[in-house]
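Enquirer: Take this structure, written in structure tokens, and hold onto it; I'll ask about it next.
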Amino acid sequence: MKTDLAVIGQGAVTPAGIGVDALIHNTPKETKVCLVSRPQHQMPVFRVGLDEPWSKRWQTEPRLRRASAISYFLVEAGEQALAGLSVSERSQTGVVIAFSTGCLAYSRRFFESIIVQGQKSASPALFPETVFNSPVSHVAAVLHLQESTYALVGDDAAWIAALKTAWLWLEQERMAQVLVLGAEEFDSACLDAYYNARWFARRGTESPFIPSEGAAGVLVRKARPSDSKIISQIEDGFIYRSKAQALAAGERCFDKFESGLPCYSSAGGHWLRDIERKLNSRPAPHGDADQPAYLGEAATASSAWNTLRGLALLDQKLPRLLIPIWGSTHQIGALKVENRAPQLV
Amino acid sequence: MKRSVVVTGMGAVTPLGEDFPRTWNALIAGKEADAPLKLFSTADFRCHRAAVASLPFLSGLSPKMVPRLSRASRLAIPSAREALAMAGLLEGSGRCSMSVLPLSVSTTAGGMEFGENFLRDMIARKRSGLLGKASRYMPQQQVLDLQETLGFEGPSTIIANACASGANAIGHAADMISSGMSDCVLTGGFEALTELVFVGFDCLQATTVERCRPFDLNRTGLMLGEGAAFLVLETPEHARQRGARALCRLSGYGHSTDFFHLTQPQPEGKALVTAMRQAVSAASVEPREIGYVNAHGTATPMNDGAEARAYSAFFADSLDQIRISSTKAAIGHTLGAAGSIEALFSMQALITGKLPPQLNLQTPIPEIAPALVPNGGGNSFMRHAMSVNLGFGGSNAALIFSKNEN
């Protein structure tokens with residue numbers, strides 16, 4: 001990267017609450033949801049409450065009238081990250097949003113109605129909201145962002161591709177700043193997929209895998225001397241198919257960064273947690289005592305949460321940090337973030 | 001300083017052919033792939049026809065592996081392989097000679113047939129085989145299939161900007177090269193016909209039960225299609241060092257968003273005009289220098305009207321010197337692959353001087369009637385060709401391809 005990215009705004013919607021403070025300090029409450037294919041089995045889930053005050057202000061937006069939860073998560077996180085930006089600055093802002101399962105709730109409802117009730121029951125109101133690009137369009141329209149928009153898909157590491165896209169647009173001076181978001185919504189179909197992938201904790205293991213949902217993001221621009229929170233290196237594209245390949249992919253990824261860089265532990269309840277432990281001989285920036293609460297696994301949203309949590313750890317004592325992004329099904333990447341706040345004398 | 005971008009390889013699988021030469025020859029001959037759809041039951045649909053591709057034989061893959069691939073992967077792999085071969089990047093083993101090759105690709109539905117089967121089995125409480133179906137529907141699976149089959153790794157970007165995605169993926173790849181992020185990128189798009197997507201367009205009444213007639217006053221809707229197309233983009237220096245021949249330059253890319261409505265374009269096509277202006281500005285050409293436009297032209301009443309007004313505003317007095325056609329009457333609307341397949345058509349028109357005909361045109365839409373090419377024909381003097389795409393959510397994209405300067 002020839003140019004560093006400065007993080008000038010942040011926003012988060014999590015099962016533990018709304019905003020970056022909640023992301024760092026709050027603990028989510030677990031609920032239980034039944035598997036569709038095995039209704040006698042209940043699994044733990046972290047959900048974001050949509051009947052809370054934060055979502056009320058978006059319910060009158062005509063664009064969001066038919067939208068599913070993921071669009072609400074995105075506009076809220078986006079609005080937080082844009083706080084303080086003038087109308088004219090918003091008009092020079094692009095949007096890149098990373099998804100893994102994307103508009104899953106409506107996609108499942110749309111197709112389930114066809115399976116159960118027949119093809120004639122297909123809803124023309126629902127179908128447009130199943131498209132990956134729809135929440136991106138809603139975010140740009142509701143938040144008055146008039147520059148280009150991209151919807152990117154992939155596993156958790158699509159978040160890295162989104163940050164790199166923002167870097168490209170800023171490097172080419174297509175716009176002044178870019179809002180980069182990651183978001184996922186929970187649907188019962190996820191549970192069956194995760195159950196069959198054996199990602200849930202098995203008796204006798206300590207893996208706390210819990211499906212989750214939400215969104216988070218950063219507003220970024222080309223770094224200026226006055227900017228303090230910086231993304232200075234982005235590496236991705238280390239692919240794997242098996243756990244053994246994942247270890248080698250992680251090694252190749254970590255080798256791209258300077259040695260001795262403190263590493264944020266981002267694997268949480270991820271199935272690649274063991275790989276992170278094997279790889280992470282670098283000093284950890286925090287002990288277990290101040291480890292933020294586990295928010296569950298929400299693919300690109302988790303990647304964004306981990307990035308914000310890593311940025312929050314930066315201070316004079318911890319000026320640089322490596323944040324690994326563990327893609328669940330395809331690739332591993334990582335970011336280097338830096339604190340460049342001027343030293344107080 | 002921005003670096004130049006050249007195209008050194010292209011490949012495609014479309015309803016008109018299992019590779020790009022066969023596709024192009026059929027297209028120029030005025031063939032169309034409209035046929036009864038038999039991939040899934042359409043008994044309760046309004047529309048029962050589509051443009052369906054024949055899946056090419058995949059050499060080098062074990063008989064066990066092929067059934068595990070999604071239809072999208074079976075379209076993507078041979079077209080990517082064809083592009084790599086043309087660029088001189090394919091070894092005799094059928095694998096890429098570069099171990100690290102960035103990818104910029106597009107799709108809207110990925111391996112959706114696996115997702116559909118997962119939901120069917122889950123609802124029916126069938127418990128076996130769910131994992132394979134859940135894991136194989138996601139778009140990164142097709143990327144992983146490409147990377148494993150062709151033997152390379154590297155950063156990948158999967159753009160899902162609805163029907164503009166294919167053009168965005170190519171433009172993004174060009175951005176990666178011109179900014180210095182990469183020297184060489186494999187880019188393209190893929191889309192397979194699936195029931196969920198077909199019923200979605202059918203319930204919106206966007207598909208036609210008649211013939212697909214882009215830019216005709218009596219147009220009644222689109223014909224869905226499927227396919228894949230890939231290009232190899234690189235810097236001229238990178239191509240020269242490898243001894244690869246540059247087919248043409250990718251000289252301009254513009255992209256913009258239309259906030260008018262989720263599924264309808266702003267009636268004057270203002271966002272498309274913005275995207276085209278960005279593209280000509282990047283290419284340092286005037287609109288009148290564009291010889292041919294491969295238009296989005298879905299044949300829906302809303303799209304074609306707005307698009308035609310955008311061309312009328314953008315080309316203004318030079319409109320009658322430009323030649324425009326939509327190839328969707330021939331290959332169908334291939335959604336996430338459309339921008340890539342149609343970019344190849346634009347390039348080949350530029351290279352050969354032959355223009356794809358505007359099929360099924362009886363009463364041309366007046367705004368661009370002088371520019372439409374009902375009988376094909378040629379323009380061997382053109383220096384630049386443009387490919388244009390629009391999508392759900394307001395994505396607009398324009399790519400400009402230019403002849404090599406020497």
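How things are named: the first chain in the structure tokens is A, the next is B, and so on; residues count from 1 in each chain; ligands count from 1 in the order shown.
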Please run DSSP on the backbone and report, as JSON, numbers by chain, all residues within range 61-133 of chain A that come out as strand (DSSP E).
Expert: {"A": [93, 94, 95, 96, 97, 98, 99]}
Enquirer: Those residues with C-alpha atoms, as a short mmCIF file (atom, residue, chain, number, x, y, z; two decimals), in the first residue's frame please?
Expert:
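Dumped to again-v3.cif:
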```cif
data_model
loop_
_atom_site.label_atom_id
_atom_site.label_comp_id
_atom_site.auth_asym_id
_atom_site.auth_seq_id
_atom_site.Cartn_x
_atom_site.Cartn_y
_atom_site.Cartn_z
CA THR A 93 -18.52 9.33 0.10
CA GLY A 94 -18.50 5.87 -1.49
CA VAL A 95 -19.77 2.66 0.09
CA VAL A 96 -18.30 -0.86 0.10
CA ILE A 97 -20.14 -3.53 2.05
CA ALA A 98 -18.89 -7.07 2.66
CA PHE A 99 -21.31 -9.96 3.12
#
```
Enquirer: Against chain A, which residues of chain B fall within 6 Å? For each one I want the closest pair of atoms and the distance in Å (one decimal), counting only C-alpha atoms, rows by chain and increasing residue number, as CSV.
Expert:
```
residue,atom,partner,partner_atom,distance
B:Asp44,CA,A:Gln119,CA,5.8
B:Met122,CA,A:Ser37,CA,5.0
B:Arg125,CA,A:Ser37,CA,4.2
B:Leu131,CA,A:Asn196,CA,5.3
B:Ala134,CA,A:Ala193,CA,5.8
B:Gln140,CA,A:Gly154,CA,5.1
B:Gly154,CA,A:Gly237,CA,4.2
B:Pro155,CA,A:Gly237,CA,3.6
B:Thr157,CA,A:Ala161,CA,5.9
B:Ile158,CA,A:Leu152,CA,5.5
B:Ile159,CA,A:Leu152,CA,4.6
B:Ala160,CA,A:Ala151,CA,5.3
B:Asn161,CA,A:Asn133,CA,5.3
B:Gly200,CA,A:Phe127,CA,5.6
B:Cys203,CA,A:Pro124,CA,5.4
B:Leu204,CA,A:Pro124,CA,5.1
B:Ser256,CA,A:Ser148,CA,4.8
B:Thr257,CA,A:Ser148,CA,5.5
B:Phe259,CA,A:Ala141,CA,5.6
B:Gly393,CA,A:Ser137,CA,5.0
```
Enquirer: Output C-alpha atoms of each residue in that selection to a file, as a PDB file, in the first residue's frame.
Expert:
```pdb
ATOM      1  CA  ASP B  44     -46.370 -22.901 -12.602  1.00  0.00           C
ATOM      2  CA  MET B 122     -33.587 -29.136   5.729  1.00  0.00           C
ATOM      3  CA  ARG B 125     -35.748 -33.021   7.755  1.00  0.00           C
ATOM      4  CA  LEU B 131     -22.982 -29.899   4.877  1.00  0.00           C
ATOM      5  CA  ALA B 134     -24.584 -25.606   2.541  1.00  0.00           C
ATOM      6  CA  GLN B 140     -16.283 -18.122  -2.622  1.00  0.00           C
ATOM      7  CA  GLY B 154      -3.923 -14.918  -4.318  1.00  0.00           C
ATOM      8  CA  PRO B 155      -6.313 -12.157  -3.318  1.00  0.00           C
ATOM      9  CA  THR B 157     -12.621  -9.944  -4.880  1.00  0.00           C
ATOM     10  CA  ILE B 158     -16.166 -11.171  -5.552  1.00  0.00           C
ATOM     11  CA  ILE B 159     -18.441  -8.345  -6.639  1.00  0.00           C
ATOM     12  CA  ALA B 160     -22.202  -8.817  -6.366  1.00  0.00           C
ATOM     13  CA  ASN B 161     -23.524  -5.528  -7.750  1.00  0.00           C
ATOM     14  CA  GLY B 200     -37.869 -14.246  -8.772  1.00  0.00           C
ATOM     15  CA  CYS B 203     -42.916 -13.240 -10.234  1.00  0.00           C
ATOM     16  CA  LEU B 204     -41.757  -9.678 -10.937  1.00  0.00           C
ATOM     17  CA  SER B 256     -22.002   5.233 -10.418  1.00  0.00           C
ATOM     18  CA  THR B 257     -25.090   4.537  -8.347  1.00  0.00           C
ATOM     19  CA  PHE B 259     -30.698   6.141  -5.969  1.00  0.00           C
ATOM     20  CA  GLY B 393     -29.949  -1.377  -6.557  1.00  0.00           C
TER      21      GLY B 393
END
```
Enquirer: Hey, what does DSSP flag as helix (DSSP H, G or I) within range 188-258 of chain B? Can you give it to me as an MDAnalysis selection string?
Expert: chainID B and resid 195:203 236:242
Enquirer: Could the residues in this selection be written to a file with N, CA and C atoms, as a compact mmCIF listing (two decimals), in the first residue's frame?
Expert:
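Once written, result_33.txt looks like this:
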```txt
# COMPACT_ATOMS: atom_id res chain seq x y z
N GLU B 195 -33.45 -22.07 -9.97
CA GLU B 195 -34.89 -21.91 -9.80
C GLU B 195 -35.23 -20.65 -9.01
N LEU B 196 -34.47 -20.38 -7.93
CA LEU B 196 -34.79 -19.24 -7.09
C LEU B 196 -34.75 -17.94 -7.90
N VAL B 197 -33.71 -17.79 -8.69
CA VAL B 197 -33.56 -16.57 -9.48
C VAL B 197 -34.61 -16.51 -10.59
N PHE B 198 -34.85 -17.65 -11.23
CA PHE B 198 -35.82 -17.67 -12.33
C PHE B 198 -37.22 -17.32 -11.81
N VAL B 199 -37.61 -17.91 -10.69
CA VAL B 199 -38.95 -17.62 -10.17
C VAL B 199 -39.03 -16.17 -9.68
N GLY B 200 -37.89 -15.65 -9.21
CA GLY B 200 -37.87 -14.25 -8.77
C GLY B 200 -38.19 -13.29 -9.91
N PHE B 201 -37.50 -13.45 -11.03
CA PHE B 201 -37.77 -12.58 -12.18
C PHE B 201 -39.15 -12.85 -12.76
N ASP B 202 -39.57 -14.12 -12.69
CA ASP B 202 -40.89 -14.47 -13.22
C ASP B 202 -41.99 -13.81 -12.39
N CYS B 203 -41.85 -13.82 -11.06
CA CYS B 203 -42.92 -13.24 -10.23
C CYS B 203 -42.93 -11.71 -10.35
N PRO B 236 1.17 -3.41 -19.94
CA PRO B 236 1.86 -3.70 -21.21
C PRO B 236 3.27 -4.25 -20.97
N GLU B 237 3.93 -3.76 -19.93
CA GLU B 237 5.30 -4.23 -19.63
C GLU B 237 5.28 -5.69 -19.22
N HIS B 238 4.33 -6.04 -18.38
CA HIS B 238 4.22 -7.43 -17.92
C HIS B 238 3.95 -8.36 -19.11
N ALA B 239 3.07 -7.92 -20.00
CA ALA B 239 2.75 -8.72 -21.19
C ALA B 239 3.98 -8.85 -22.09
N ARG B 240 4.68 -7.73 -22.28
CA ARG B 240 5.85 -7.73 -23.16
C ARG B 240 6.93 -8.67 -22.63
N GLN B 241 7.17 -8.60 -21.32
CA GLN B 241 8.19 -9.46 -20.71
C GLN B 241 7.87 -10.94 -20.89
N ARG B 242 6.57 -11.25 -20.93
CA ARG B 242 6.18 -12.66 -21.09
C ARG B 242 6.10 -13.07 -22.56
```
Enquirer: Which polymer residues have any atom within 7 Å of an atom of range 86-102 of chain B, counting only C-alpha atoms, with same-chain residues fewer than 2 positions away left out, as a short mmCIF file (atom, residue, chain, number, x, y, z; two decimals) with C-alpha atoms, in the first residue's frame?
Expert:
```cif
data_model
loop_
_atom_site.label_atom_id
_atom_site.label_comp_id
_atom_site.auth_asym_id
_atom_site.auth_seq_id
_atom_site.Cartn_x
_atom_site.Cartn_y
_atom_site.Cartn_z
CA THR B 8 -4.10 -10.58 -23.35
CA GLY B 9 -6.63 -13.38 -23.03
CA MET B 10 -10.33 -14.04 -23.17
CA GLU B 82 -9.58 -20.59 -22.21
CA ALA B 83 -8.60 -17.04 -21.22
CA LEU B 84 -5.40 -18.22 -19.51
CA SER B 104 -11.67 -10.12 -9.55
CA LEU B 150 -6.20 -24.04 -12.23
CA GLY B 151 -3.51 -24.17 -9.54
CA PHE B 152 -3.00 -20.67 -8.20
CA GLU B 153 -3.81 -18.60 -5.14
CA GLY B 154 -3.92 -14.92 -4.32
CA PRO B 155 -6.31 -12.16 -3.32
CA SER B 156 -9.84 -12.48 -4.66
CA CYS B 184 -1.71 -9.18 -13.84
CA VAL B 185 -5.29 -10.10 -12.86
CA LEU B 186 -7.70 -12.83 -13.97
CA VAL B 232 -6.57 -11.71 -18.48
CA ALA B 244 2.23 -12.11 -24.73
#
```
Enquirer: Between B:Asp145, B:Asp320, B:Asp304, B:Glu405, which one has atoms that come closest to Tyr292 in chain B, using only C-alpha atoms?
Expert: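 Ranked by minimum distance to Tyr292 in chain B, first place goes to B:Asp320.
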Enquirer: For Ala26 in chain B, work out the shell of residues within 9 Å, counting only C-alpha atoms and skipping chain neighbours fewer than 6 positions away, then give it as a ChimeraX atom specification.
Expert: /B:16-17,32
Enquirer: Have a look at CA of Gln278 in chain B and CA of Lys354 in chain B and let me know their distance in Å, one decimal.
Expert: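 So the two atoms, CA of Gln278 in chain B and CA of Lys354 in chain B, lie 26.2 Å apart.
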Enquirer: Tell me, in Å to one decimal, how far CA of Thr298 in chain B is from CA of Leu39 in chain B.
Expert: 22.1 Å
Enquirer: To one decimal place in Å, what is the distance between CA of Phe381 in chain B and CA of Thr363 in chain B?
Expert: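 Computing it gives 28.2 Å between the two atoms.
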Enquirer: Extract, using only C-alpha atoms, all DNA, RNA and protein residues at most 9 Å from Ala35 in chain B, discarding same-chain residues fewer than 6 positions from it, and format them as a list in words.
Expert: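 Here the answer would be His48, Arg49, Ala50, Ala51 and Val52 of chain B.
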Enquirer: Selection from above, C-alpha atoms, as a PDB file, in the first residue's frame, can you write it?
Expert:
```
ATOM      1  CA  HIS B  48     -40.950 -21.377 -19.695  1.00  0.00           C
ATOM      2  CA  ARG B  49     -37.984 -20.428 -21.876  1.00  0.00           C
ATOM      3  CA  ALA B  50     -34.404 -19.318 -21.345  1.00  0.00           C
ATOM      4  CA  ALA B  51     -30.955 -19.368 -22.939  1.00  0.00           C
ATOM      5  CA  VAL B  52     -29.251 -22.453 -21.498  1.00  0.00           C
TER       6      VAL B  52
END
```
Enquirer: What's around Ser251 in chain B at 12 Å? Count only C-alpha atoms, leave out sequence neighbours fewer than 6 positions away in its own chain, and write the answer as a count of residues only.
Expert: 37
Enquirer: List the neighbours of Ala316 in chain B out to 12 Å using only C-alpha atoms; skip same-chain residues closer than 2 positions along the sequence, and give me the result as an NGL selection string.
Expert: :B and (273 or 286-288 or 308-314 or 318-322 or 367-368 or 371)
Enquirer: Of the candidates B:Leu217, B:Ala72, B:Ile123, B:Leu130, which shows the shortest atom-to-atom distance to Thr194 in chain B, using only C-alpha atoms?
Expert: B:Ala72
Enquirer: Go through B:Leu222, B:Val293, B:Leu250, B:Ala330 one by one, measure the shortest atom-to-atom distance of each to Lys31 in chain B using only C-alpha atoms, and give the residue with the smallest value.
Expert: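 Smallest separation from Lys31 in chain B among the options: B:Ala330.
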